[in-house]
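Participant: For reference, this is run.txt, and it has compact mmCIF, C-alpha atoms.
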# COMPACT_ATOMS: atom_id res chain seq x y z
CA MET A 1 0.00 0.00 0.00
CA ASP A 2 0.99 3.64 -0.46
CA ILE A 3 1.19 4.67 3.20
CA LYS A 4 2.07 8.29 2.38
CA LYS A 5 -1.05 8.66 0.23
CA TYR A 6 -3.14 7.01 2.95
CA LEU A 7 -1.81 9.39 5.62
CA THR A 8 -2.28 12.46 3.40
CA THR A 9 -5.89 11.58 2.58
CA ARG A 10 -6.87 10.95 6.21
CA ARG A 11 -5.06 14.09 7.33
CA GLU A 12 -7.16 16.08 4.86
CA TRP A 13 -10.36 14.54 6.25
CA CYS A 14 -9.35 15.64 9.74
CA ASN A 15 -8.38 19.12 8.61
CA ARG A 16 -11.71 19.68 6.87
CA TYR A 17 -13.60 18.68 10.00
CA ILE A 18 -11.46 20.90 12.25
CA THR A 19 -11.82 23.86 9.87
CA GLU A 20 -15.60 23.60 9.76
CA TYR A 21 -15.85 23.10 13.50
CA MET A 22 -13.67 26.08 14.44
CA GLU A 23 -15.23 28.42 11.84
CA ASN A 24 -18.67 27.82 13.35
CA ARG A 25 -17.65 27.95 17.01
CA CYS A 26 -18.78 31.11 18.86
CA ASP A 27 -18.96 34.67 17.54
CA ASP A 28 -16.18 37.19 17.08
CA SER A 29 -16.31 38.25 20.73
CA PHE A 30 -13.98 35.27 21.26
CA ALA A 31 -11.89 35.83 18.14
CA LYS A 32 -8.49 36.02 19.85
CA LEU A 33 -9.04 32.82 21.82
CA ARG A 34 -10.43 31.01 18.77
CA ASP A 35 -7.47 32.21 16.69
CA ALA A 36 -5.01 30.98 19.33
CA MET A 37 -6.68 27.57 19.34
CA SER A 38 -6.70 27.36 15.53
CA TYR A 39 -3.09 28.53 15.29
CA SER A 40 -1.84 25.43 17.10
CA LEU A 41 -4.41 23.09 15.58
CA PHE A 42 -3.08 24.03 12.13
CA ALA A 43 0.61 24.35 12.98
CA GLY A 44 1.64 21.37 10.86
CA GLY A 45 0.53 18.38 12.91
CA LYS A 46 0.78 14.93 11.36
CA ARG A 47 -2.65 13.90 12.75
CA VAL A 48 -1.16 10.58 13.89
CA ARG A 49 -3.72 10.05 16.64
CA PRO A 50 -6.93 10.56 14.61
CA ILE A 51 -5.44 8.52 11.77
CA LEU A 52 -4.76 5.71 14.23
CA VAL A 53 -8.39 5.86 15.37
CA MET A 54 -9.50 5.43 11.75
CA ALA A 55 -7.02 2.67 10.94
CA ALA A 56 -7.78 0.73 14.12
CA CYS A 57 -11.53 0.95 13.54
CA GLU A 58 -11.15 -0.31 9.98
CA ALA A 59 -8.85 -3.15 11.08
CA ALA A 60 -11.42 -4.16 13.69
CA GLY A 61 -14.17 -4.31 11.06
CA GLY A 62 -15.77 -0.88 11.55
CA ASP A 63 -16.46 2.10 9.31
CA GLU A 64 -13.59 4.60 9.57
CA LYS A 65 -15.73 7.52 8.34
CA HIS A 66 -17.75 7.43 11.58
CA THR A 67 -14.58 7.93 13.62
CA ILE A 68 -13.46 11.31 12.26
CA PRO A 69 -15.06 13.47 15.01
CA PHE A 70 -13.68 11.16 17.69
CA GLY A 71 -10.21 11.34 16.19
CA VAL A 72 -10.43 15.13 15.96
CA ALA A 73 -11.33 15.25 19.66
CA LEU A 74 -8.12 13.35 20.40
CA GLU A 75 -6.19 15.81 18.24
CA MET A 76 -7.62 18.67 20.29
CA VAL A 77 -6.44 17.04 23.51
CA HIS A 78 -3.01 16.41 21.98
CA THR A 79 -2.78 20.05 20.84
CA PHE A 80 -3.73 21.27 24.31
CA SER A 81 -0.83 19.26 25.71
CA LEU A 82 1.65 20.71 23.20
CA ILE A 83 0.61 24.32 23.91
CA HIS A 84 1.08 23.80 27.64
CA ASP A 85 4.32 21.81 27.25
CA ASP A 86 5.86 24.75 25.34
CA LEU A 87 5.08 27.31 28.07
CA PRO A 88 7.93 29.03 29.94
CA SER A 89 6.92 27.20 33.12
CA MET A 90 7.28 23.85 31.35
CA ASP A 91 9.73 23.29 28.46
CA ASP A 92 10.02 26.98 27.49
CA ASP A 93 10.21 26.35 23.75
CA ASP A 94 10.17 29.18 21.19
CA TYR A 95 9.46 27.06 18.10
CA ARG A 96 7.43 23.99 17.20
CA ARG A 97 7.26 22.55 13.68
CA GLY A 98 9.13 25.57 12.35
CA LYS A 99 6.63 28.09 13.74
CA LEU A 100 6.64 30.26 16.83
CA THR A 101 5.00 28.52 19.76
CA ASN A 102 1.55 29.66 20.85
CA HIS A 103 2.66 31.78 23.79
CA LYS A 104 5.18 33.60 21.59
CA VAL A 105 2.35 34.70 19.27
CA TYR A 106 -0.63 35.18 21.59
CA GLY A 107 1.02 35.69 24.97
CA GLU A 108 1.34 33.27 27.85
CA ALA A 109 -2.12 33.93 29.31
CA HIS A 110 -3.98 33.28 26.04
CA ALA A 111 -1.83 30.22 25.33
CA ILE A 112 -2.95 28.75 28.66
CA LEU A 113 -6.56 29.60 27.85
CA ALA A 114 -6.27 28.14 24.34
CA GLY A 115 -5.05 24.85 25.80
CA ASP A 116 -7.79 24.84 28.44
CA ALA A 117 -10.45 25.55 25.79
CA LEU A 118 -9.18 22.80 23.48
CA LEU A 119 -9.43 20.24 26.28
CA ALA A 120 -13.01 21.30 26.97
CA GLU A 121 -13.93 21.42 23.28
CA ALA A 122 -12.63 17.87 22.84
CA PHE A 123 -15.24 16.54 25.25
CA ARG A 124 -17.88 18.74 23.63
CA VAL A 125 -17.07 17.07 20.30
CA LEU A 126 -17.20 13.62 21.90
CA SER A 127 -20.65 14.36 23.31
CA ARG A 128 -22.24 15.92 20.20
CA PRO A 129 -25.76 14.48 19.76
CA ASP A 130 -25.33 14.09 15.99
CA LEU A 131 -22.73 11.35 16.62
CA TYR A 132 -25.35 9.09 18.25
CA PRO A 133 -26.33 7.10 16.16
CA PRO A 134 -24.56 5.55 14.25
CA VAL A 135 -22.45 5.19 17.40
CA THR A 136 -24.36 4.15 20.52
CA ALA A 137 -24.31 6.36 23.61
CA GLU A 138 -22.77 3.49 25.58
CA THR A 139 -19.93 3.24 23.07
CA GLY A 140 -19.39 7.01 23.19
CA LEU A 141 -19.23 6.93 26.97
CA ALA A 142 -16.60 4.17 26.83
CA VAL A 143 -14.51 6.34 24.48
CA MET A 144 -14.84 9.37 26.76
CA ARG A 145 -13.63 7.35 29.73
CA GLU A 146 -10.68 6.05 27.70
CA VAL A 147 -9.73 9.61 26.67
CA ALA A 148 -10.05 10.96 30.22
CA GLU A 149 -7.90 8.13 31.64
CA ALA A 150 -5.21 8.65 29.01
CA THR A 151 -5.14 12.40 29.61
CA GLY A 152 -5.25 12.75 33.40
CA ILE A 153 -3.12 11.91 36.41
CA CYS A 154 -2.01 8.49 35.13
CA GLY A 155 -1.76 9.68 31.53
CA MET A 156 -0.30 12.69 29.70
CA VAL A 157 -0.62 15.16 32.56
CA GLY A 158 0.91 12.74 35.04
CA GLY A 159 3.69 11.94 32.57
CA GLN A 160 4.53 15.63 32.24
CA SER A 161 4.70 15.87 36.02
CA LEU A 162 7.17 12.96 36.13
CA ASP A 163 9.15 14.62 33.34
CA LEU A 164 9.51 17.86 35.32
CA LEU A 165 10.40 16.03 38.53
CA SER A 166 13.13 14.02 36.79
CA GLU A 167 15.07 16.96 35.35
CA ASN A 168 18.77 17.02 36.31
CA LYS A 169 18.39 13.82 38.32
CA ALA A 170 19.58 10.26 37.86
CA ILE A 171 16.67 8.06 36.81
CA GLU A 172 16.14 4.32 36.94
CA PRO A 173 15.14 2.51 33.72
CA ASP A 174 11.74 1.51 35.14
CA ASN A 175 10.96 5.12 36.05
CA LEU A 176 12.02 6.36 32.61
CA TYR A 177 9.74 3.75 31.03
CA LEU A 178 6.82 4.83 33.23
CA MET A 179 7.37 8.49 32.36
CA HIS A 180 7.35 7.79 28.60
CA LEU A 181 4.41 5.41 28.98
CA CYS A 182 2.31 8.08 30.68
CA LYS A 183 3.52 11.11 28.73
CA THR A 184 3.12 9.67 25.23
CA ALA A 185 2.31 5.99 24.89
CA ARG A 186 -0.97 5.90 26.81
CA PHE A 187 -2.58 8.54 24.61
CA ILE A 188 -1.47 6.81 21.42
CA GLU A 189 -2.81 3.60 22.92
CA CYS A 190 -6.04 5.51 23.58
CA ALA A 191 -6.31 6.23 19.85
CA THR A 192 -6.06 2.60 18.77
CA VAL A 193 -8.36 1.41 21.55
CA THR A 194 -10.89 4.12 20.62
CA GLY A 195 -10.92 2.82 17.06
CA ALA A 196 -11.61 -0.71 18.27
CA ILE A 197 -14.35 0.45 20.66
CA LEU A 198 -16.04 2.39 17.85
CA ALA A 199 -15.97 -0.78 15.74
CA GLN A 200 -17.73 -2.53 18.66
CA ALA A 201 -14.90 -5.05 18.77
CA ASP A 202 -14.69 -7.84 21.31
CA GLU A 203 -12.40 -7.70 24.34
CA GLY A 204 -9.68 -9.76 22.68
CA THR A 205 -9.50 -7.35 19.74
CA ILE A 206 -9.48 -4.33 22.06
CA GLU A 207 -6.65 -5.86 24.07
CA SER A 208 -4.62 -6.45 20.90
CA MET A 209 -5.14 -2.82 19.92
CA ARG A 210 -4.10 -1.76 23.41
CA ARG A 211 -0.82 -3.67 23.15
CA TYR A 212 -0.18 -2.36 19.64
CA GLY A 213 -0.87 1.24 20.67
CA GLU A 214 1.29 1.09 23.76
CA ASP A 215 4.27 -0.26 21.85
CA ILE A 216 4.09 2.18 18.95
CA GLY A 217 3.58 4.93 21.52
CA MET A 218 6.79 3.95 23.28
CA ALA A 219 8.60 3.76 19.94
CA PHE A 220 7.23 7.19 19.00
CA GLN A 221 8.60 8.82 22.17
CA ILE A 222 11.98 7.10 21.93
CA VAL A 223 12.31 8.28 18.32
CA ASP A 224 11.41 11.80 19.54
CA ASP A 225 14.20 11.56 22.13
CA CYS A 226 16.68 10.44 19.46
CA LEU A 227 15.65 13.22 17.07
CA ASN A 228 16.11 15.82 19.80
CA ALA A 229 19.58 14.45 20.42
CA ALA A 230 20.70 14.04 16.81
CA GLY A 231 18.00 15.20 14.39
CA ASP A 232 18.16 17.77 11.60
CA GLU A 233 16.93 21.13 12.92
CA LYS A 234 15.86 22.31 9.45
CA ILE A 235 13.67 19.25 8.91
CA MET A 236 12.29 19.23 12.45
CA GLY A 237 11.52 22.94 12.59
CA LYS A 238 12.90 23.38 16.10
CA ALA A 239 16.22 23.34 17.93
CA THR A 240 17.86 20.04 18.78
CA GLY A 241 19.86 19.30 21.90
CA SER A 242 17.36 21.04 24.19
CA ASP A 243 16.71 17.87 26.22
CA ALA A 244 20.38 17.56 27.14
CA GLU A 245 20.65 21.28 27.95
CA ARG A 246 17.75 21.04 30.38
CA GLY A 247 18.90 17.78 31.93
CA LYS A 248 15.84 15.91 30.69
CA ALA A 249 15.48 12.20 31.38
CA THR A 250 15.54 10.58 27.93
CA TYR A 251 16.43 7.25 26.38
CA PRO A 252 19.61 8.57 24.69
CA ALA A 253 20.73 10.11 27.99
CA LEU A 254 20.35 6.80 29.77
CA TYR A 255 21.19 4.26 27.05
CA GLY A 256 22.96 6.19 24.27
CA LEU A 257 21.66 6.71 20.73
CA GLU A 258 22.31 3.29 19.22
CA GLU A 259 20.80 1.34 22.11
CA SER A 260 17.81 3.72 22.15
CA ARG A 261 17.19 3.15 18.44
CA LYS A 262 17.40 -0.57 19.05
CA LYS A 263 14.77 -0.32 21.79
CA ALA A 264 12.48 1.68 19.49
CA HIS A 265 12.76 -1.08 16.86
CA GLU A 266 11.98 -3.69 19.52
CA HIS A 267 8.76 -1.87 20.41
CA VAL A 268 7.74 -1.66 16.76
CA THR A 269 8.35 -5.40 16.36
CA LYS A 270 6.16 -6.09 19.40
CA ALA A 271 3.47 -3.80 18.03
CA ILE A 272 3.42 -5.62 14.70
CA ASP A 273 3.30 -8.97 16.52
CA ALA A 274 0.18 -7.78 18.35
CA LEU A 275 -1.58 -7.52 14.96
CA GLU A 276 -1.04 -11.16 14.00
CA SER A 277 -4.70 -12.12 14.44
CA PHE A 278 -5.87 -9.32 12.11
CA GLY A 279 -4.28 -10.79 9.00
CA PRO A 280 -4.50 -8.50 5.92
CA ARG A 281 -6.84 -6.11 7.76
CA GLY A 282 -3.93 -5.08 9.97
CA GLU A 283 -1.66 -4.02 7.11
CA THR A 284 -2.33 -0.29 7.44
CA LEU A 285 -1.45 -0.39 11.13
CA ARG A 286 1.72 -2.33 10.33
CA GLN A 287 2.74 0.31 7.80
CA ILE A 288 2.03 3.09 10.30
CA ALA A 289 4.30 1.37 12.83
CA LEU A 290 7.11 1.25 10.27
CA TYR A 291 6.45 4.87 9.33
CA ILE A 292 6.86 5.93 12.97
CA ILE A 293 10.27 4.27 13.28
CA LYS A 294 11.53 5.84 10.04
CA ARG A 295 10.32 9.41 10.55
CA ASN A 296 12.77 12.30 10.68
CA ARG A 297 10.56 14.97 12.29
Can I see the file as C-alpha cells?
Facilitator:
Amino acid sequence: MDIKKYLTTRREWCNRYITEYMENRCDDSFAKLRDAMSYSLFAGGKRVRPILVMAACEAAGGDEKHTIPFGVALEMVHTFSLIHDDLPSMDDDDYRRGKLTNHKVYGEAHAILAGDALLAEAFRVLSRPDLYPPVTAETGLAVMREVAEATGICGMVGGQSLDLLSENKAIEPDNLYLMHLCKTARFIECATVTGAILAQADEGTIESMRRYGEDIGMAFQIVDDCLNAAGDEKIMGKATGSDAERGKATYPALYGLEESRKKAHEHVTKAIDALESFGPRGETLRQIALYIIKRNR
C-alpha cells in the first residue's frame, strides 16, 4: 500500500472537520481565543492520533468515516498538551514545527486559555448528539472514559509531572519507562483502543489494539528523544539538543543513541506482533508502525 497517500488523505479529512468546526464555534467576541486555538491546531501536525483511530476501527471491522469526530477530539487534547508543554513554566520552547509557539504569538495567558479551551472542546465534540447514532451512547461513553484516563493523572498530565520532577536527576530505567508510557504511549494507545471500541470489537480485539498502541507509543517517544539528540533542525523545525541542555530524562541520555534506536525497533516489532490475528486487515497499522520508526521529524 501507499502509506504516504493514505496518511495524506486521512489528514485532509481531519483538517476539513477541524476547519468547519472552528469556523462555526462562537462569535467574534472570542476571536483572539479562537485564533489561538486554531493557530496550534493548524501548525503542521501529522494527525497521527486521529489517523490511528480510523485505521484501528477499519482493522477491527468498523467504518472509519464514523470515527473522524472522535479522532479530531483526540487531536484537540493532543494540541492542548503541546501548547502547555511549550510554556515558559514547562519546556520553554520558542518554536514547534518551524513556527513560533503559541505563547510567543498570543502571549502566555492566552496560550494557557487556548489549551484549556481545546481540552473542553474535545469533550464537547465527543458528546455531540449528531454522533449518536450511528455510534451508541454506551460506546461514546466508553470512548470518553478512555480519553479521560489517558489524559489525566495516570496519563499525559501525570507523565509531564514525572518529566519535570526528573530533570537534572539520575533516573532508573523503570521510572524512565513509566514516564514515557504516561507522557506519550498511553494517549497513542487511547487512539487505537478508541478505534476498536467504535468498531464494537470484542475484548480480545481491544486488548490487541491496546498492546499495539502502547508499543508504537513507546517507539514514537523514543524516536522523539533520538531526534532531539541528533536530528536535523531544518527538517524538524525546532532546535535540537534542548533535552540535554535542560537535563531531561531521555532514552539517549540513559542508554545512548544506538541502544535507544534498538529499543524503538523492539517496540515496533512487538506492536506488529500484536496484529497477528488481524491478517491482511492489519496491514495499514503495520505500515504506520514502520512509518513511525523511520520518521525524521
Participant: Quick check, in Å to one decimal: how far apart do atom CA of A:Thr139 and atom CA of A:His66 lie?
Facilitator: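 Atom-to-atom, atom CA of A:Thr139 and atom CA of A:His66 are spaced 12.4 Å apart.
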Participant: Could you give me the centre and size, in Å to one decimal, of an axis-aligned box around all listed atoms of stretch 97-113 of chain A with 3 Å added on every side, as lines of an AutoDock Vina configuration file?
Facilitator:
center_x = 1.3
center_y = 29.1
center_z = 20.8
size_x = 21.7
size_y = 19.1
size_z = 23.0
Participant: Go through A:Leu141, A:Leu52, A:Leu285, A:Leu198 and flag the residue nearest A:Met1, using all atoms listed in the file for the distances.
Facilitator: A:Leu285
Participant: Could you list, as a PyMOL selection string, every residue within 9 Å of A:Gly247, counting only C-alpha atoms and ignoring same-chain residues fewer than 4 positions away?
Facilitator: chain A and resi 166-169+242-243+253
Participant: Could you please take those selected residues and save C-alpha atoms as a PDB file, in the coordinates of the input?
Facilitator:
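What ended up in selection_0.pdb:
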ATOM      1  CA  SER A 166      13.130  14.020  36.790  1.00  0.00           C
ATOM      2  CA  GLU A 167      15.070  16.960  35.350  1.00  0.00           C
ATOM      3  CA  ASN A 168      18.770  17.020  36.310  1.00  0.00           C
ATOM      4  CA  LYS A 169      18.390  13.820  38.320  1.00  0.00           C
ATOM      5  CA  SER A 242      17.360  21.040  24.190  1.00  0.00           C
ATOM      6  CA  ASP A 243      16.710  17.870  26.220  1.00  0.00           C
ATOM      7  CA  ALA A 253      20.730  10.110  27.990  1.00  0.00           C
TER       8      ALA A 253
END
Participant: Within 7 Å of A:Val223, counting all atoms listed in the file, which residues qualify if same-chain residues fewer than 4 places away don't, as an NGL selection string?
Facilitator: :A and (219 or 227 or 264 or 293)
